[in-house]
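Okay, start18.cif is below, mmCIF, C-alpha atoms and all ligand atoms:
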data_start
loop_
_atom_site.group_PDB
_atom_site.id
_atom_site.type_symbol
_atom_site.label_atom_id
_atom_site.label_comp_id
_atom_site.auth_asym_id
_atom_site.auth_seq_id
_atom_site.Cartn_x
_atom_site.Cartn_y
_atom_site.Cartn_z
ATOM 1 C CA MET B 1 -73.602 113.594 101.453
ATOM 2 C CA ARG B 2 -71.790 112.483 104.633
ATOM 3 C CA ARG B 3 -73.883 112.934 107.769
ATOM 4 C CA THR B 4 -72.549 114.520 110.943
ATOM 5 C CA VAL B 5 -73.407 112.526 114.070
ATOM 6 C CA VAL B 6 -72.654 113.892 117.550
ATOM 7 C CA ILE B 7 -72.550 111.205 120.270
ATOM 8 C CA THR B 8 -72.116 111.879 123.987
ATOM 9 C CA GLY B 9 -70.789 109.188 126.294
ATOM 10 C CA ALA B 10 -68.716 108.099 123.301
ATOM 11 C CA SER B 11 -65.598 107.226 125.304
ATOM 12 C CA ALA B 12 -66.975 103.890 126.514
ATOM 13 C CA GLY B 13 -69.721 101.290 126.369
ATOM 14 C CA ILE B 14 -72.796 101.881 124.220
ATOM 15 C CA GLY B 15 -71.669 105.287 122.911
ATOM 16 C CA ALA B 16 -68.253 104.030 121.791
ATOM 17 C CA GLU B 17 -69.743 100.996 120.022
ATOM 18 C CA ALA B 18 -72.402 103.140 118.316
ATOM 19 C CA ALA B 19 -69.707 105.582 117.155
ATOM 20 C CA VAL B 20 -67.639 102.734 115.666
ATOM 21 C CA ALA B 21 -70.701 101.286 113.906
ATOM 22 C CA LEU B 22 -71.896 104.624 112.497
ATOM 23 C CA ALA B 23 -68.384 105.588 111.307
ATOM 24 C CA ARG B 24 -68.241 102.206 109.565
ATOM 25 C CA ARG B 25 -71.478 103.136 107.775
ATOM 26 C CA GLY B 26 -69.821 106.318 106.484
ATOM 27 C CA ASP B 27 -71.003 108.936 108.986
ATOM 28 C CA HIS B 28 -68.635 111.609 110.297
ATOM 29 C CA VAL B 29 -68.771 111.091 114.047
ATOM 30 C CA VAL B 30 -68.168 113.758 116.675
ATOM 31 C CA LEU B 31 -67.313 112.102 119.973
ATOM 32 C CA VAL B 32 -67.997 113.704 123.344
ATOM 33 C CA GLY B 33 -66.581 112.043 126.461
ATOM 34 C CA ARG B 34 -65.287 112.871 129.912
ATOM 35 C CA ASN B 35 -62.049 110.901 130.148
ATOM 36 C CA PRO B 36 -59.442 112.155 127.597
ATOM 37 C CA ASP B 37 -57.477 108.878 127.464
ATOM 38 C CA LYS B 38 -60.562 106.734 126.866
ATOM 39 C CA LEU B 39 -61.786 109.205 124.261
ATOM 40 C CA ALA B 40 -58.414 109.129 122.453
ATOM 41 C CA ALA B 41 -58.532 105.309 122.416
ATOM 42 C CA VAL B 42 -61.943 105.397 120.676
ATOM 43 C CA VAL B 43 -60.612 107.932 118.138
ATOM 44 C CA ASP B 44 -57.731 105.531 117.347
ATOM 45 C CA ARG B 45 -60.098 102.565 117.136
ATOM 46 C CA ILE B 46 -62.366 104.343 114.638
ATOM 47 C CA ARG B 47 -59.381 105.510 112.566
ATOM 48 C CA ASP B 48 -58.032 101.946 112.398
ATOM 49 C CA ASP B 49 -61.455 100.441 111.759
ATOM 50 C CA SER B 50 -62.990 102.753 109.172
ATOM 51 C CA GLY B 51 -60.072 104.911 108.005
ATOM 52 C CA SER B 52 -61.915 108.114 108.932
ATOM 53 C CA THR B 53 -60.824 110.492 111.671
ATOM 54 C CA PRO B 54 -63.537 111.445 114.117
ATOM 55 C CA ASP B 55 -63.706 114.781 115.859
ATOM 56 C CA SER B 56 -63.593 114.588 119.666
ATOM 57 C CA HIS B 57 -64.378 116.834 122.612
ATOM 58 C CA VAL B 58 -63.583 116.304 126.276
ATOM 59 C CA CYS B 59 -66.448 117.532 128.434
ATOM 60 C CA ASP B 60 -67.520 116.803 131.998
ATOM 61 C CA PHE B 61 -71.291 117.138 132.252
ATOM 62 C CA ALA B 62 -70.903 117.768 135.982
ATOM 63 C CA ALA B 63 -70.027 121.366 135.016
ATOM 64 C CA LEU B 64 -72.576 123.203 132.870
ATOM 65 C CA ALA B 65 -69.896 125.743 131.853
ATOM 66 C CA GLU B 66 -68.074 122.854 130.114
ATOM 67 C CA VAL B 67 -71.283 121.869 128.320
ATOM 68 C CA ARG B 68 -71.706 125.455 127.076
ATOM 69 C CA ARG B 69 -68.074 125.596 125.941
ATOM 70 C CA THR B 70 -68.317 122.260 124.118
ATOM 71 C CA ALA B 71 -71.616 123.203 122.455
ATOM 72 C CA GLY B 72 -69.983 126.440 121.288
ATOM 73 C CA ARG B 73 -67.050 124.540 119.759
ATOM 74 C CA ILE B 74 -69.288 122.015 118.011
ATOM 75 C CA ALA B 75 -71.634 124.741 116.723
ATOM 76 C CA ALA B 76 -68.627 126.670 115.389
ATOM 77 C CA ALA B 77 -67.372 123.582 113.538
ATOM 78 C CA TYR B 78 -70.646 122.304 112.023
ATOM 79 C CA ASP B 79 -73.471 124.266 110.409
ATOM 80 C CA VAL B 80 -75.556 121.113 110.206
ATOM 81 C CA ILE B 81 -75.870 118.224 112.669
ATOM 82 C CA ASP B 82 -77.834 115.265 111.298
ATOM 83 C CA VAL B 83 -77.950 113.228 114.492
ATOM 84 C CA LEU B 84 -77.476 114.260 118.103
ATOM 85 C CA ALA B 85 -77.266 111.211 120.375
ATOM 86 C CA ASN B 86 -77.598 112.116 124.061
ATOM 87 C CA ASN B 87 -76.138 108.954 125.522
ATOM 88 C CA ALA B 88 -73.777 109.897 128.380
ATOM 89 C CA GLY B 89 -75.021 108.757 131.744
ATOM 90 C CA LEU B 90 -74.126 107.474 135.191
ATOM 91 C CA ILE B 91 -75.561 106.343 138.477
ATOM 92 C CA ALA B 92 -73.996 108.222 141.387
ATOM 93 C CA LYS B 93 -72.875 106.136 144.335
ATOM 94 C CA LYS B 94 -73.823 108.739 146.928
ATOM 95 C CA GLN B 95 -75.731 112.000 146.953
ATOM 96 C CA THR B 96 -73.407 114.566 145.414
ATOM 97 C CA SER B 97 -73.880 118.149 144.311
ATOM 98 C CA THR B 98 -72.298 119.447 141.128
ATOM 99 C CA VAL B 99 -70.457 122.781 140.934
ATOM 100 C CA ASP B 100 -73.758 124.124 139.593
ATOM 101 C CA GLY B 101 -75.519 123.022 142.783
ATOM 102 C CA HIS B 102 -77.585 120.237 141.216
ATOM 103 C CA ASP B 103 -77.924 116.555 141.981
ATOM 104 C CA MET B 104 -75.092 114.771 140.101
ATOM 105 C CA THR B 105 -77.269 112.065 138.507
ATOM 106 C CA ILE B 106 -79.967 114.533 137.442
ATOM 107 C CA GLN B 107 -77.421 116.953 135.990
ATOM 108 C CA VAL B 108 -75.298 114.453 134.062
ATOM 109 C CA ASN B 109 -78.240 112.394 132.787
ATOM 110 C CA HIS B 110 -80.814 115.111 132.153
ATOM 111 C CA LEU B 111 -79.818 118.770 132.670
ATOM 112 C CA ALA B 112 -76.552 118.606 130.704
ATOM 113 C CA PRO B 113 -78.119 116.904 127.636
ATOM 114 C CA PHE B 114 -81.059 119.313 127.908
ATOM 115 C CA LEU B 115 -78.601 122.233 127.730
ATOM 116 C CA LEU B 116 -76.459 120.675 124.987
ATOM 117 C CA THR B 117 -79.547 119.995 122.874
ATOM 118 C CA SER B 118 -80.896 123.524 123.403
ATOM 119 C CA LEU B 119 -77.555 125.010 122.310
ATOM 120 C CA LEU B 120 -77.271 122.783 119.216
ATOM 121 C CA LEU B 121 -80.948 122.745 118.222
ATOM 122 C CA ASP B 122 -80.588 125.183 115.331
ATOM 123 C CA ARG B 123 -77.845 122.958 113.872
ATOM 124 C CA VAL B 124 -80.109 119.875 114.034
ATOM 125 C CA THR B 125 -83.103 121.708 112.555
ATOM 126 C CA ALA B 126 -80.773 122.807 109.714
ATOM 127 C CA ALA B 127 -80.452 119.139 108.659
ATOM 128 C CA ALA B 128 -82.791 117.760 106.010
ATOM 129 C CA ALA B 129 -83.982 115.053 108.405
ATOM 130 C CA GLY B 130 -82.460 115.688 111.829
ATOM 131 C CA ARG B 131 -82.669 113.202 114.665
ATOM 132 C CA ILE B 132 -82.268 113.607 118.407
ATOM 133 C CA ILE B 133 -81.876 110.269 120.192
ATOM 134 C CA THR B 134 -81.681 109.943 123.960
ATOM 135 C CA THR B 135 -80.521 106.857 125.836
ATOM 136 C CA SER B 136 -83.102 106.290 128.531
ATOM 137 C CA SER B 137 -83.636 103.041 130.447
ATOM 138 C CA ALA B 138 -86.264 100.573 131.604
ATOM 139 C CA ALA B 139 -85.345 102.022 135.014
ATOM 140 C CA HIS B 140 -87.588 104.962 134.080
ATOM 141 C CA THR B 141 -90.427 102.803 135.437
ATOM 142 C CA SER B 142 -89.173 103.605 138.959
ATOM 143 C CA GLY B 143 -89.073 107.328 138.173
ATOM 144 C CA TRP B 144 -91.461 109.597 140.063
ATOM 145 C CA LEU B 145 -89.763 112.885 139.384
ATOM 146 C CA ASP B 146 -90.979 116.097 140.971
ATOM 147 C CA PRO B 147 -90.179 119.063 138.719
ATOM 148 C CA ASP B 148 -90.219 121.297 141.796
ATOM 149 C CA ASP B 149 -87.646 119.120 143.565
ATOM 150 C CA LEU B 150 -85.435 117.652 140.840
ATOM 151 C CA ASP B 151 -82.406 117.994 143.142
ATOM 152 C CA PHE B 152 -83.887 116.015 146.064
ATOM 153 C CA GLN B 153 -83.817 118.872 148.523
ATOM 154 C CA ARG B 154 -87.199 117.949 149.985
ATOM 155 C CA ARG B 155 -87.362 114.236 149.106
ATOM 156 C CA ARG B 156 -85.147 111.463 150.427
ATOM 157 C CA TRP B 157 -82.344 110.642 147.970
ATOM 158 C CA ALA B 158 -81.576 107.071 146.956
ATOM 159 C CA ARG B 159 -79.249 106.230 144.081
ATOM 160 C CA TRP B 160 -81.758 104.187 142.054
ATOM 161 C CA ARG B 161 -84.490 106.742 142.773
ATOM 162 C CA ALA B 162 -82.353 109.567 141.359
ATOM 163 C CA TYR B 163 -81.395 107.354 138.404
ATOM 164 C CA GLY B 164 -85.048 106.382 137.755
ATOM 165 C CA ASP B 165 -86.067 110.060 137.846
ATOM 166 C CA SER B 166 -83.289 110.994 135.409
ATOM 167 C CA LYS B 167 -84.329 108.258 132.969
ATOM 168 C CA GLN B 168 -87.996 109.287 133.270
ATOM 169 C CA ALA B 169 -86.756 112.829 132.497
ATOM 170 C CA ASN B 170 -85.116 111.512 129.283
ATOM 171 C CA ILE B 171 -88.495 110.311 128.001
ATOM 172 C CA LEU B 172 -90.381 113.429 129.136
ATOM 173 C CA PHE B 173 -87.687 115.486 127.373
ATOM 174 C CA THR B 174 -88.278 113.496 124.168
ATOM 175 C CA THR B 175 -92.054 113.989 124.532
ATOM 176 C CA GLU B 176 -91.777 117.770 124.904
ATOM 177 C CA LEU B 177 -89.094 118.019 122.205
ATOM 178 C CA THR B 178 -91.422 116.227 119.809
ATOM 179 C CA TRP B 179 -94.184 118.741 120.540
ATOM 180 C CA ARG B 180 -91.850 121.717 120.182
ATOM 181 C CA LEU B 181 -90.346 120.423 116.924
ATOM 182 C CA ARG B 182 -93.652 119.389 115.335
ATOM 183 C CA GLN B 183 -93.287 121.991 112.552
ATOM 184 C CA THR B 184 -89.764 120.822 111.674
ATOM 185 C CA ALA B 185 -88.256 117.737 110.015
ATOM 186 C CA VAL B 186 -86.518 116.689 113.255
ATOM 187 C CA VAL B 187 -87.541 113.411 114.884
ATOM 188 C CA ALA B 188 -86.865 112.830 118.595
ATOM 189 C CA THR B 189 -86.739 109.284 119.936
ATOM 190 C CA CYS B 190 -85.420 107.499 123.010
ATOM 191 C CA PHE B 191 -84.656 103.938 123.997
ATOM 192 C CA HIS B 192 -83.700 101.317 126.553
ATOM 193 C CA PRO B 193 -80.582 99.486 125.316
ATOM 194 C CA GLY B 194 -81.074 96.283 127.318
ATOM 195 C CA VAL B 195 -79.022 95.463 130.405
ATOM 196 C CA VAL B 196 -75.518 95.978 129.104
ATOM 197 C CA ARG B 197 -72.178 94.559 130.256
ATOM 198 C CA SER B 198 -70.475 97.974 130.109
ATOM 199 C CA ASP B 199 -68.746 100.002 132.846
ATOM 200 C CA PHE B 200 -72.140 101.351 133.865
ATOM 201 C CA GLY B 201 -73.113 100.747 137.492
ATOM 202 C CA ASP B 202 -69.644 99.677 138.591
ATOM 203 C CA SER B 203 -69.940 102.193 141.431
ATOM 204 C CA THR B 204 -72.917 100.261 142.824
ATOM 205 C CA GLY B 205 -71.996 96.938 144.441
ATOM 206 C CA LEU B 206 -75.249 95.222 143.502
ATOM 207 C CA PHE B 207 -75.015 95.923 139.766
ATOM 208 C CA ARG B 208 -71.327 94.954 139.659
ATOM 209 C CA LEU B 209 -72.072 91.734 141.498
ATOM 210 C CA ALA B 210 -74.985 90.862 139.190
ATOM 211 C CA LYS B 211 -72.737 91.414 136.152
ATOM 212 C CA LYS B 212 -70.106 89.111 137.653
ATOM 213 C CA LEU B 213 -72.319 86.373 139.070
ATOM 214 C CA SER B 214 -75.162 86.146 136.582
ATOM 215 C CA PRO B 215 -73.910 87.365 133.215
ATOM 216 C CA ILE B 216 -76.946 85.791 131.527
ATOM 217 C CA GLY B 217 -79.390 88.571 130.794
ATOM 218 C CA PHE B 218 -76.614 91.057 130.088
ATOM 219 C CA VAL B 219 -75.921 91.946 126.466
ATOM 220 C CA SER B 220 -72.618 93.144 125.035
ATOM 221 C CA PRO B 221 -71.973 96.893 124.564
ATOM 222 C CA SER B 222 -72.270 96.478 120.781
ATOM 223 C CA GLN B 223 -75.642 94.740 121.196
ATOM 224 C CA GLY B 224 -76.621 97.578 123.556
ATOM 225 C CA ALA B 225 -75.559 100.079 120.885
ATOM 226 C CA SER B 226 -77.664 98.426 118.191
ATOM 227 C CA THR B 227 -80.879 100.306 119.062
ATOM 228 C CA LEU B 228 -79.014 103.614 118.948
ATOM 229 C CA VAL B 229 -77.604 102.699 115.540
ATOM 230 C CA GLN B 230 -81.074 101.574 114.394
ATOM 231 C CA LEU B 231 -82.667 104.901 115.418
ATOM 232 C CA ALA B 232 -79.762 106.878 113.911
ATOM 233 C CA ALA B 233 -79.526 105.032 110.622
ATOM 234 C CA THR B 234 -82.881 103.527 109.668
ATOM 235 C CA GLU B 235 -86.372 104.892 109.267
ATOM 236 C CA ASP B 236 -87.497 103.185 112.503
ATOM 237 C CA GLY B 237 -89.004 105.696 114.888
ATOM 238 C CA ARG B 238 -89.665 108.169 112.070
ATOM 239 C CA GLY B 239 -93.378 108.877 111.857
ATOM 240 C CA ILE B 240 -93.836 107.851 115.506
ATOM 241 C CA PRO B 241 -93.260 111.103 117.339
ATOM 242 C CA GLY B 242 -91.520 110.660 120.675
ATOM 243 C CA ALA B 243 -91.100 106.949 120.120
ATOM 244 C CA TYR B 244 -89.541 104.823 122.891
ATOM 245 C CA PHE B 245 -87.775 101.644 121.820
ATOM 246 C CA ASP B 246 -86.721 98.748 124.044
ATOM 247 C CA SER B 247 -83.919 96.590 122.646
ATOM 248 C CA GLY B 248 -84.801 97.280 119.029
ATOM 249 C CA ARG B 249 -88.586 97.238 119.330
ATOM 250 C CA LEU B 250 -91.177 99.941 119.769
ATOM 251 C CA ALA B 251 -92.348 99.823 123.408
ATOM 252 C CA ARG B 252 -94.688 101.622 125.740
ATOM 253 C CA PRO B 253 -93.132 103.669 128.558
ATOM 254 C CA THR B 254 -95.044 104.443 131.768
ATOM 255 C CA SER B 255 -97.780 107.052 131.480
ATOM 256 C CA ARG B 256 -95.769 109.260 133.899
ATOM 257 C CA ALA B 257 -92.937 109.341 131.356
ATOM 258 C CA VAL B 258 -95.090 110.704 128.520
ATOM 259 C CA ASP B 259 -97.446 112.954 130.505
ATOM 260 C CA PRO B 260 -97.562 116.136 128.372
ATOM 261 C CA ASP B 261 -98.230 118.476 131.328
ATOM 262 C CA LEU B 262 -95.346 117.025 133.310
ATOM 263 C CA ALA B 263 -93.145 117.215 130.187
ATOM 264 C CA GLU B 264 -93.941 120.914 129.772
ATOM 265 C CA ARG B 265 -93.259 121.651 133.450
ATOM 266 C CA LEU B 266 -89.981 119.722 133.370
ATOM 267 C CA TRP B 267 -88.900 121.676 130.281
ATOM 268 C CA ALA B 268 -89.572 125.027 131.976
ATOM 269 C CA VAL B 269 -87.757 124.006 135.164
ATOM 270 C CA SER B 270 -84.799 122.554 133.231
ATOM 271 C CA GLY B 271 -84.481 125.810 131.272
ATOM 272 C CA ALA B 272 -84.342 127.780 134.517
ATOM 273 C CA MET B 273 -81.866 125.355 136.132
ATOM 274 C CA THR B 274 -79.464 125.531 133.166
ATOM 275 C CA ALA B 275 -79.776 129.264 132.433
ATOM 276 C CA GLY B 276 -76.287 130.763 132.078
HETATM 277 N N1 LIG Y 301 -75.457 99.521 130.964
HETATM 278 C C1 LIG Y 301 -76.756 99.327 131.111
HETATM 279 O O1 LIG Y 301 -77.220 98.234 131.517
HETATM 280 C C2 LIG Y 301 -77.712 100.431 130.761
HETATM 281 C C3 LIG Y 301 -79.099 100.132 130.790
HETATM 282 C C4 LIG Y 301 -80.004 101.139 130.470
HETATM 283 C C5 LIG Y 301 -79.535 102.398 130.123
HETATM 284 N N2 LIG Y 301 -78.197 102.663 130.106
HETATM 285 C C6 LIG Y 301 -77.766 104.011 129.737
HETATM 286 O O2 LIG Y 301 -76.860 103.907 128.653
HETATM 287 C C7 LIG Y 301 -76.022 105.073 128.620
HETATM 288 C C8 LIG Y 301 -74.586 104.664 128.360
HETATM 289 O O3 LIG Y 301 -74.171 103.819 129.416
HETATM 290 P P1 LIG Y 301 -73.122 102.628 129.222
HETATM 291 O O4 LIG Y 301 -73.813 101.381 129.600
HETATM 292 O O5 LIG Y 301 -72.457 102.719 127.893
HETATM 293 O O6 LIG Y 301 -72.116 102.981 130.420
HETATM 294 P P2 LIG Y 301 -70.545 103.324 130.453
HETATM 295 O O7 LIG Y 301 -69.775 102.280 129.756
HETATM 296 O O8 LIG Y 301 -70.275 103.596 131.890
HETATM 297 O O9 LIG Y 301 -70.440 104.676 129.601
HETATM 298 C C9 LIG Y 301 -70.954 105.872 130.102
HETATM 299 C C10 LIG Y 301 -70.518 107.016 129.242
HETATM 300 O O10 LIG Y 301 -71.022 108.234 129.836
HETATM 301 C C11 LIG Y 301 -69.928 109.100 130.074
HETATM 302 N N3 LIG Y 301 -70.100 109.896 131.295
HETATM 303 C C12 LIG Y 301 -70.311 109.461 132.553
HETATM 304 N N4 LIG Y 301 -70.295 110.500 133.409
HETATM 305 C C13 LIG Y 301 -70.059 111.604 132.661
HETATM 306 C C14 LIG Y 301 -69.888 112.980 132.958
HETATM 307 N N5 LIG Y 301 -69.919 113.453 134.218
HETATM 308 N N6 LIG Y 301 -69.673 113.839 131.933
HETATM 309 C C15 LIG Y 301 -69.606 113.407 130.664
HETATM 310 N N7 LIG Y 301 -69.718 112.120 130.319
HETATM 311 C C16 LIG Y 301 -69.938 111.235 131.308
HETATM 312 C C17 LIG Y 301 -68.720 108.203 130.253
HETATM 313 O O11 LIG Y 301 -67.563 108.978 130.027
HETATM 314 P P3 LIG Y 301 -66.081 108.514 130.552
HETATM 315 O O12 LIG Y 301 -65.999 107.057 130.255
HETATM 316 O O13 LIG Y 301 -65.183 109.330 129.669
HETATM 317 O O14 LIG Y 301 -66.004 108.840 131.988
HETATM 318 C C18 LIG Y 301 -68.995 107.153 129.202
HETATM 319 O O15 LIG Y 301 -68.594 107.609 127.936
HETATM 320 C C19 LIG Y 301 -76.260 105.801 129.948
HETATM 321 O O16 LIG Y 301 -77.099 106.909 129.717
HETATM 322 C C20 LIG Y 301 -76.983 104.771 130.802
HETATM 323 O O17 LIG Y 301 -77.854 105.379 131.735
HETATM 324 C C21 LIG Y 301 -77.292 101.691 130.413
#
In structure tokens, write the structure found in this file.
Ligand SMILES: NC(=O)c1ccc[n+]([C@@H]2O[C@H](COP(=O)([O-])OP(=O)(O)OC[C@H]3O[C@@H](n4cnc5c(N)ncnc54)[C@H](OP(=O)(O)O)[C@@H]3O)[C@@H](O)[C@H]2O)c1
Amino acid sequence: MRRTVVITGASAGIGAEAAVALARRGDHVVLVGRNPDKLAAVVDRIRDDSGSTPDSHVCDFAALAEVRRTAGRIAAAYDVIDVLANNAGLIAKKQTSTVDGHDMTIQVNHLAPFLLTSLLLDRVTAAAAGRIITTSSAAHTSGWLDPDDLDFQRRRWARWRAYGDSKQANILFTTELTWRLRQTAVVATCFHPGVVRSDFGDSTGLFRLAKKLSPIGFVSPSQGASTLVQLAATEDGRGIPGAYFDSGRLARPTSRAVDPDLAERLWAVSGAMTAG
């Protein structure tokens, strides 16, 4: 039976490469991306490469109404989702508020995938062995998120601080999801893909410069996608609830990123912040 795999951030970088690889393995891939032209190019690439036609949805995570609309369309099209890969992400150049009034980095990297997952959860639990995979980062180690101030209204905003918080949130989300889904066959995992030579971080001068001047240490987008493909297509991570992988290997995140009380508080706050 052909699996259905939904991948966000599929219009570029890690998400696009993972989509190509999983389609090549025979999965039906459902691509979610922000830029329609880039998304269409990945659809064409997959059609040429594997002969199958992926489904695709344009959605800007900076607007929660778009996330709700996209979730509705995907839920209407698929009764069962075998893999949901929450991969879309960015690092905002300056402090920006979304139309929903939230910090841009926190919304795109955490609140939007939280909402998408909540709205598609019954489709993933309907699968025989569902998987929810979230692209986190080693940058979670700099995360000190405050569930009562996710939007940096009381704390000083800095771009890597907001990014670190959002990537810590990805792991806390996986921790709480694992607890909530303990009676189901769904496995939630997350990972750091390595430092990837994708479009990521091009808005920050330092990251762009590092990519240009010292390419050693950066891996290609397809190498970056390999952990996502591993968690989507092999048994790795299964049996290790809430597992965090770093470049293909099981790793230990910071204790702040797997704190069960913090995970529960973040879940409650995220639910309130994304309530329609
Ligand atoms: N690159 C690294 O070194 C690195 C390291 C650790 C973790 N990560 C994580 O890996 C994930 C993928 O990043 P990447 O390296 O593949 O970067 P990328 O090439 O910049 O791709 C990012 C993807 O996220 C999508 N995206 C960005 N903002 C969005 C928004 N507002 N709404 C919907 N989609 C949006 C982009 O869509 P469009 O292209 O259509 O705009 C694109 O598909 C991110 O979560 C990132 O935090 C990356």
Within 7 Å of ligand LIG 301 (chain Y), which residues of chain B come that close, and what is the closest atom pair and distance in Å for each? Count only C-alpha atoms and all ligand atoms and give it as CSV.
residue,atom,partner,partner_atom,distance
B:Thr8,CA,Y:LIG301,N7,6.8
B:Gly9,CA,Y:LIG301,O15,3.2
B:Ala10,CA,Y:LIG301,O15,4.7
B:Ser11,CA,Y:LIG301,O15,4.0
B:Ala12,CA,Y:LIG301,O15,4.3
B:Gly13,CA,Y:LIG301,O5,3.4
B:Ile14,CA,Y:LIG301,O5,3.8
B:Gly15,CA,Y:LIG301,O5,5.7
B:Gly33,CA,Y:LIG301,O13,4.4
B:Arg34,CA,Y:LIG301,O13,3.6
B:Asn35,CA,Y:LIG301,O13,3.5
B:Pro36,CA,Y:LIG301,O13,6.7
B:Lys38,CA,Y:LIG301,O13,6.0
B:Leu39,CA,Y:LIG301,O13,6.4
B:Cys59,CA,Y:LIG301,C15,5.7
B:Asp60,CA,Y:LIG301,N6,3.7
B:Phe61,CA,Y:LIG301,N6,3.7
B:Ala62,CA,Y:LIG301,N5,4.8
B:Asn87,CA,Y:LIG301,O16,4.8
B:Ala88,CA,Y:LIG301,O10,3.5
B:Gly89,CA,Y:LIG301,O16,3.4
B:Leu90,CA,Y:LIG301,C12,5.0
B:Val108,CA,Y:LIG301,N5,5.5
B:Asn109,CA,Y:LIG301,O16,6.4
B:Thr135,CA,Y:LIG301,O16,5.2
B:Ser136,CA,Y:LIG301,C5,5.5
B:Ser137,CA,Y:LIG301,C4,4.1
B:Ala138,CA,Y:LIG301,C4,6.4
B:His192,CA,Y:LIG301,C4,5.4
B:Pro193,CA,Y:LIG301,C4,5.4
B:Gly194,CA,Y:LIG301,C3,5.5
B:Val195,CA,Y:LIG301,O1,3.5
B:Val196,CA,Y:LIG301,O1,3.7
B:Arg197,CA,Y:LIG301,N1,6.0
B:Ser198,CA,Y:LIG301,O7,4.4
B:Asp199,CA,Y:LIG301,O7,4.0
B:Phe200,CA,Y:LIG301,O8,3.5
B:Gly201,CA,Y:LIG301,O8,6.9
B:Pro221,CA,Y:LIG301,O5,6.7
May I have the residues from that selection written out with C-alpha atoms, as a CSV table (one decimal), in the coordinates of the input?
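Writing done, so here's result.csv:
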chain,number,residue,atom,x,y,z
B,8,THR,CA,-72.1,111.9,124.0
B,9,GLY,CA,-70.8,109.2,126.3
B,10,ALA,CA,-68.7,108.1,123.3
B,11,SER,CA,-65.6,107.2,125.3
B,12,ALA,CA,-67.0,103.9,126.5
B,13,GLY,CA,-69.7,101.3,126.4
B,14,ILE,CA,-72.8,101.9,124.2
B,15,GLY,CA,-71.7,105.3,122.9
B,33,GLY,CA,-66.6,112.0,126.5
B,34,ARG,CA,-65.3,112.9,129.9
B,35,ASN,CA,-62.0,110.9,130.1
B,36,PRO,CA,-59.4,112.2,127.6
B,38,LYS,CA,-60.6,106.7,126.9
B,39,LEU,CA,-61.8,109.2,124.3
B,59,CYS,CA,-66.4,117.5,128.4
B,60,ASP,CA,-67.5,116.8,132.0
B,61,PHE,CA,-71.3,117.1,132.3
B,62,ALA,CA,-70.9,117.8,136.0
B,87,ASN,CA,-76.1,109.0,125.5
B,88,ALA,CA,-73.8,109.9,128.4
B,89,GLY,CA,-75.0,108.8,131.7
B,90,LEU,CA,-74.1,107.5,135.2
B,108,VAL,CA,-75.3,114.5,134.1
B,109,ASN,CA,-78.2,112.4,132.8
B,135,THR,CA,-80.5,106.9,125.8
B,136,SER,CA,-83.1,106.3,128.5
B,137,SER,CA,-83.6,103.0,130.4
B,138,ALA,CA,-86.3,100.6,131.6
B,192,HIS,CA,-83.7,101.3,126.6
B,193,PRO,CA,-80.6,99.5,125.3
B,194,GLY,CA,-81.1,96.3,127.3
B,195,VAL,CA,-79.0,95.5,130.4
B,196,VAL,CA,-75.5,96.0,129.1
B,197,ARG,CA,-72.2,94.6,130.3
B,198,SER,CA,-70.5,98.0,130.1
B,199,ASP,CA,-68.7,100.0,132.8
B,200,PHE,CA,-72.1,101.4,133.9
B,201,GLY,CA,-73.1,100.7,137.5
B,221,PRO,CA,-72.0,96.9,124.6
Inset, instruction - For the structure shown, which residues end up in the PyMOL selection byres (((chain B and resi 222) around 8) and not hetatm)? Put them as a ChimeraX atom specification, please? - result: /B:13-14,17-18,220-221,223-226
Inset, instruction - Measure the distance from atom CA of Ser52 of chain B to atom CA of Ala112 of chain B in Å and round it to one decimal. - result: 28.3 Å
Inset, instruction - Carefully work through the PyMOL selection byres (((chain B and resi 232) around 10) and not hetatm) for this structure and note down the residues it includes, as a ChimeraX atom specification. - result: /B:5,18,22,82-85,130-133,189,226-231,233-237
Legend entry - Shell of 7 Å around segment 155-161 of chain B, all atoms listed in the file, local chain residues under 3 positions omitted, as an NGL selection string: :B and (91-95 or 142-143 or 152 or 164-165)
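Counting all atoms listed in the file, the residue from B:Arg25, B:Thr134, B:Asp202, B:Phe114 that sits nearest to Ile7 of chain B is B:Thr134.
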How about completing segment 89-95 of chain B with N, CA and C atoms and giving it to me as a compact mmCIF listing (two decimals), in the frame of the given file?
# COMPACT_ATOMS: atom_id res chain seq x y z
N GLY B 89 -74.21 108.93 130.54
CA GLY B 89 -75.02 108.76 131.74
C GLY B 89 -74.27 108.00 132.82
N LEU B 90 -74.73 108.16 134.05
CA LEU B 90 -74.13 107.47 135.19
C LEU B 90 -75.18 107.25 136.26
N ILE B 91 -74.78 106.44 137.25
CA ILE B 91 -75.56 106.34 138.48
C ILE B 91 -74.60 106.69 139.61
N ALA B 92 -74.91 107.76 140.33
CA ALA B 92 -74.00 108.22 141.39
C ALA B 92 -74.08 107.30 142.59
N LYS B 93 -72.94 107.05 143.20
CA LYS B 93 -72.88 106.14 144.34
C LYS B 93 -73.52 106.76 145.57
N LYS B 94 -73.22 108.06 145.77
CA LYS B 94 -73.82 108.74 146.93
C LYS B 94 -74.33 110.11 146.48
N GLN B 95 -75.15 110.70 147.32
CA GLN B 95 -75.73 112.00 146.95
C GLN B 95 -74.62 113.03 146.85
